[in-house]
Amino acid sequence: MAKLYFYYSAMNAGKSTRLLQSSFNYRERGMDTILYTFKFDDRFGDLKIASRIGLESGANTFDSGLNLFSDILSRRTAKTACIFIDEAQFLTKSHVHELCRVVDELDIPVLAFGLRSDFLGEPFEGSMYLLILADELIEVKTVCHCGKKAIMNARFDSNRKIMRSGEQIDIGGNEKYISLCRKHFRDGVIEGPAD
Ligand SMILES: [Zn+2]
């Protein structure tokens, strides 16, 4: 039986790398996969999923208006073996229920990869419902500057000072976000002492 998997982590843990490697493994064996990532804005049609170590692949996009069940139904073929979702924290509650139907009714496994919490330590809607509904929860681990497991995502300003307010979605990478352990997130210490 197919399952819904949620791979969750803080930022920069290698989620996209893992997604792309898993998709490659299916394709190498002659099976097809369908990839989705979040549509941040209207500048692009199809986007790609890129990992920090250089892997990339084209991907379909989802936004709040898309019915993922219907979209997957229209795209799948007899060879479709797995669905991959990057940036799964941006799924809506409805999307997560639609993915459950893909697993339960179409019997296709779905692997969703996302951040568990936002820069304020609050849950993302998609991740919250994935944590509730997924069959399997897998933590992808990364480390804080102190060496402890990083579970929080801090956003910092141009003075490298941790931000404690703002919009939940503000797309960025290493120039804006850093993953921290719980203590250093609470204390607002985004980097270790200089050598
Ligand atoms: Zn720490």
# chains A, B, ... in the order shown; residues from 1 in each chain; ligands from 1

call {"tool": "residues_near_ligand", "arguments": {"ligand": "ligand 1", "cutoff": "7 Å", "atoms": "only C-alpha atoms and all ligand atoms", "output": "list of chain:residue names"}}
result
A:Cys144, A:His145, A:Cys146, A:Gly147, A:Lys148, A:Ala150, A:Leu180, A:Cys181, A:Arg182, A:Lys183, A:His184

call {"tool": "write_last_selection", "arguments": {"atoms": "N, CA, C and O atoms", "output": "PDB file, in the first residue's frame"}}
result
ATOM      1  N   CYS A 144      23.186  23.254  14.349  1.00  0.00           N
ATOM      2  CA  CYS A 144      23.376  24.653  14.737  1.00  0.00           C
ATOM      3  C   CYS A 144      24.887  24.950  14.774  1.00  0.00           C
ATOM      4  O   CYS A 144      25.709  24.033  14.781  1.00  0.00           O
ATOM      5  N   HIS A 145      25.242  26.240  14.861  1.00  0.00           N
ATOM      6  CA  HIS A 145      26.666  26.591  14.962  1.00  0.00           C
ATOM      7  C   HIS A 145      27.328  26.019  16.205  1.00  0.00           C
ATOM      8  O   HIS A 145      28.553  25.897  16.266  1.00  0.00           O
ATOM      9  N   CYS A 146      26.509  25.633  17.208  1.00  0.00           N
ATOM     10  CA  CYS A 146      27.085  25.082  18.443  1.00  0.00           C
ATOM     11  C   CYS A 146      27.296  23.577  18.354  1.00  0.00           C
ATOM     12  O   CYS A 146      27.884  22.976  19.260  1.00  0.00           O
ATOM     13  N   GLY A 147      26.786  22.968  17.295  1.00  0.00           N
ATOM     14  CA  GLY A 147      26.949  21.528  17.142  1.00  0.00           C
ATOM     15  C   GLY A 147      25.724  20.726  17.517  1.00  0.00           C
ATOM     16  O   GLY A 147      25.614  19.547  17.187  1.00  0.00           O
ATOM     17  N   LYS A 148      24.768  21.351  18.211  1.00  0.00           N
ATOM     18  CA  LYS A 148      23.527  20.649  18.536  1.00  0.00           C
ATOM     19  C   LYS A 148      22.631  20.599  17.314  1.00  0.00           C
ATOM     20  O   LYS A 148      22.790  21.357  16.362  1.00  0.00           O
ATOM     21  N   ALA A 150      19.867  21.432  14.854  1.00  0.00           N
ATOM     22  CA  ALA A 150      19.119  22.658  14.565  1.00  0.00           C
ATOM     23  C   ALA A 150      17.689  22.272  14.230  1.00  0.00           C
ATOM     24  O   ALA A 150      17.453  21.469  13.326  1.00  0.00           O
ATOM     25  N   LEU A 180      18.989  27.019  13.602  1.00  0.00           N
ATOM     26  CA  LEU A 180      19.552  27.084  14.950  1.00  0.00           C
ATOM     27  C   LEU A 180      18.940  26.013  15.848  1.00  0.00           C
ATOM     28  O   LEU A 180      17.831  25.540  15.597  1.00  0.00           O
ATOM     29  N   CYS A 181      19.650  25.701  16.936  1.00  0.00           N
ATOM     30  CA  CYS A 181      19.068  24.860  17.971  1.00  0.00           C
ATOM     31  C   CYS A 181      18.031  25.703  18.738  1.00  0.00           C
ATOM     32  O   CYS A 181      17.972  26.918  18.581  1.00  0.00           O
ATOM     33  N   ARG A 182      17.253  25.035  19.548  1.00  0.00           N
ATOM     34  CA  ARG A 182      16.176  25.736  20.261  1.00  0.00           C
ATOM     35  C   ARG A 182      16.715  26.851  21.158  1.00  0.00           C
ATOM     36  O   ARG A 182      16.173  27.953  21.203  1.00  0.00           O
ATOM     37  N   LYS A 183      17.818  26.580  21.879  1.00  0.00           N
ATOM     38  CA  LYS A 183      18.359  27.567  22.819  1.00  0.00           C
ATOM     39  C   LYS A 183      18.862  28.803  22.087  1.00  0.00           C
ATOM     40  O   LYS A 183      18.566  29.942  22.488  1.00  0.00           O
ATOM     41  N   HIS A 184      19.632  28.591  21.033  1.00  0.00           N
ATOM     42  CA  HIS A 184      20.181  29.752  20.338  1.00  0.00           C
ATOM     43  C   HIS A 184      19.119  30.516  19.564  1.00  0.00           C
ATOM     44  O   HIS A 184      19.250  31.726  19.360  1.00  0.00           O
TER      45      HIS A 184
END

call {"tool": "select_by_dssp", "arguments": {"residues": "range 34-147 of chain A", "states": "helix (DSSP H, G or I)", "output": "ChimeraX atom specification"}}
result
/A:68-75,88-90,93-106,125-133

call {"tool": "atom_distance", "arguments": {"atom1": "CA of Ser179 in chain A", "atom2": "CA of Thr37 in chain A"}}
result
21.1 Å

call {"tool": "atom_distance", "arguments": {"atom1": "CA of Phe156 in chain A", "atom2": "CA of Leu20 in chain A"}}
result
28.5 Å

call {"tool": "closest_residue", "arguments": {"among": "A:Ile151, A:Tyr36, A:Leu73, A:Ile171", "to": "Glu105 in chain A", "atoms": "only C-alpha atoms"}}
result
A:Leu73

call {"tool": "residues_around", "arguments": {"residues": "range 79-87 of chain A", "least_positions_apart": "2", "cutoff": "8 Å", "atoms": "only C-alpha atoms", "output": "MDAnalysis selection string"}}
result
chainID A and resid 16 19 23 26 31:38 49 76:77 89:91 108:115

call {"tool": "select_by_dssp", "arguments": {"residues": "chain A", "states": "strand (DSSP E)", "output": "VMD selection string"}}
result
chain A and resid 4 to 9 32 to 38 47 to 50 56 to 62 80 to 85 110 to 115 136 to 139 152 to 155 177 to 180

call {"tool": "atom_distance", "arguments": {"atom1": "CA of Lys15 in chain A", "atom2": "CA of Lys161 in chain A"}}
result
26.0 Å

call {"tool": "closest_residue", "arguments": {"among": "A:Ala2, A:Met163, A:Ile169, A:Ala154", "to": "Glu125 in chain A", "atoms": "only C-alpha atoms"}}
result
A:Ile169

call {"tool": "residues_around", "arguments": {"residues": "Arg155 in chain A", "least_positions_apart": "2", "cutoff": "12 Å", "atoms": "only C-alpha atoms", "output": "PyMOL selection string"}}
result
chain A and resi 11+117-121+152-153+157-180+185+188-190

call {"tool": "closest_residue", "arguments": {"among": "A:Gly126, A:Ile132, A:Arg116, A:Gly30", "to": "Asp63 in chain A", "atoms": "only C-alpha atoms"}}
result
A:Gly126

call {"tool": "decode", "arguments": {"residues": "range 44-64 of chain A", "atoms": "N, CA and C atoms", "output": "short mmCIF file (atom, residue, chain, number, x, y, z; two decimals), in the first residue's frame"}}
result
data_model
loop_
_atom_site.label_atom_id
_atom_site.label_comp_id
_atom_site.auth_asym_id
_atom_site.auth_seq_id
_atom_site.Cartn_x
_atom_site.Cartn_y
_atom_site.Cartn_z
N PHE A 44 7.34 32.94 -13.31
CA PHE A 44 7.72 31.69 -13.97
C PHE A 44 6.50 30.82 -14.19
N GLY A 45 6.56 29.98 -15.19
CA GLY A 45 5.57 28.94 -15.35
C GLY A 45 6.06 27.74 -14.58
N ASP A 46 6.67 26.82 -15.28
CA ASP A 46 7.27 25.69 -14.59
C ASP A 46 8.56 26.14 -13.93
N LEU A 47 8.78 25.69 -12.75
CA LEU A 47 9.99 26.03 -12.02
C LEU A 47 10.87 24.81 -11.95
N LYS A 48 11.98 25.00 -11.30
CA LYS A 48 12.83 23.84 -11.06
C LYS A 48 13.11 23.73 -9.58
N ILE A 49 13.47 22.52 -9.18
CA ILE A 49 13.92 22.27 -7.83
C ILE A 49 15.44 22.16 -7.91
N ALA A 50 16.13 22.97 -7.13
CA ALA A 50 17.59 22.95 -7.16
C ALA A 50 18.10 22.69 -5.76
N SER A 51 19.18 21.94 -5.66
CA SER A 51 19.76 21.69 -4.34
C SER A 51 21.09 22.42 -4.25
N ARG A 52 21.55 22.62 -3.03
CA ARG A 52 22.75 23.41 -2.81
C ARG A 52 24.00 22.72 -3.32
N ILE A 53 23.92 21.39 -3.52
CA ILE A 53 25.12 20.72 -4.04
C ILE A 53 25.07 20.54 -5.54
N GLY A 54 24.12 21.20 -6.21
CA GLY A 54 24.18 21.29 -7.66
C GLY A 54 23.19 20.46 -8.45
N LEU A 55 22.44 19.59 -7.79
CA LEU A 55 21.42 18.82 -8.50
C LEU A 55 20.24 19.73 -8.82
N GLU A 56 19.58 19.48 -9.96
CA GLU A 56 18.34 20.21 -10.22
C GLU A 56 17.45 19.43 -11.18
N SER A 57 16.17 19.77 -11.14
CA SER A 57 15.20 19.10 -12.01
C SER A 57 14.04 20.05 -12.23
N GLY A 58 13.43 19.99 -13.38
CA GLY A 58 12.21 20.76 -13.64
C GLY A 58 11.10 20.27 -12.72
N ALA A 59 10.14 21.15 -12.46
CA ALA A 59 9.06 20.76 -11.56
C ALA A 59 7.78 21.50 -11.92
N ASN A 60 6.65 20.88 -11.66
CA ASN A 60 5.38 21.58 -11.73
C ASN A 60 5.27 22.46 -10.50
N THR A 61 4.29 23.37 -10.52
CA THR A 61 4.14 24.25 -9.36
C THR A 61 2.75 24.10 -8.76
N PHE A 62 2.68 24.40 -7.48
CA PHE A 62 1.37 24.47 -6.82
C PHE A 62 1.22 25.85 -6.19
N ASP A 63 -0.01 26.33 -6.18
CA ASP A 63 -0.36 27.50 -5.38
C ASP A 63 -1.70 27.20 -4.73
N SER A 64 -2.22 28.14 -3.98
CA SER A 64 -3.40 27.84 -3.18
C SER A 64 -4.61 27.49 -4.04
#
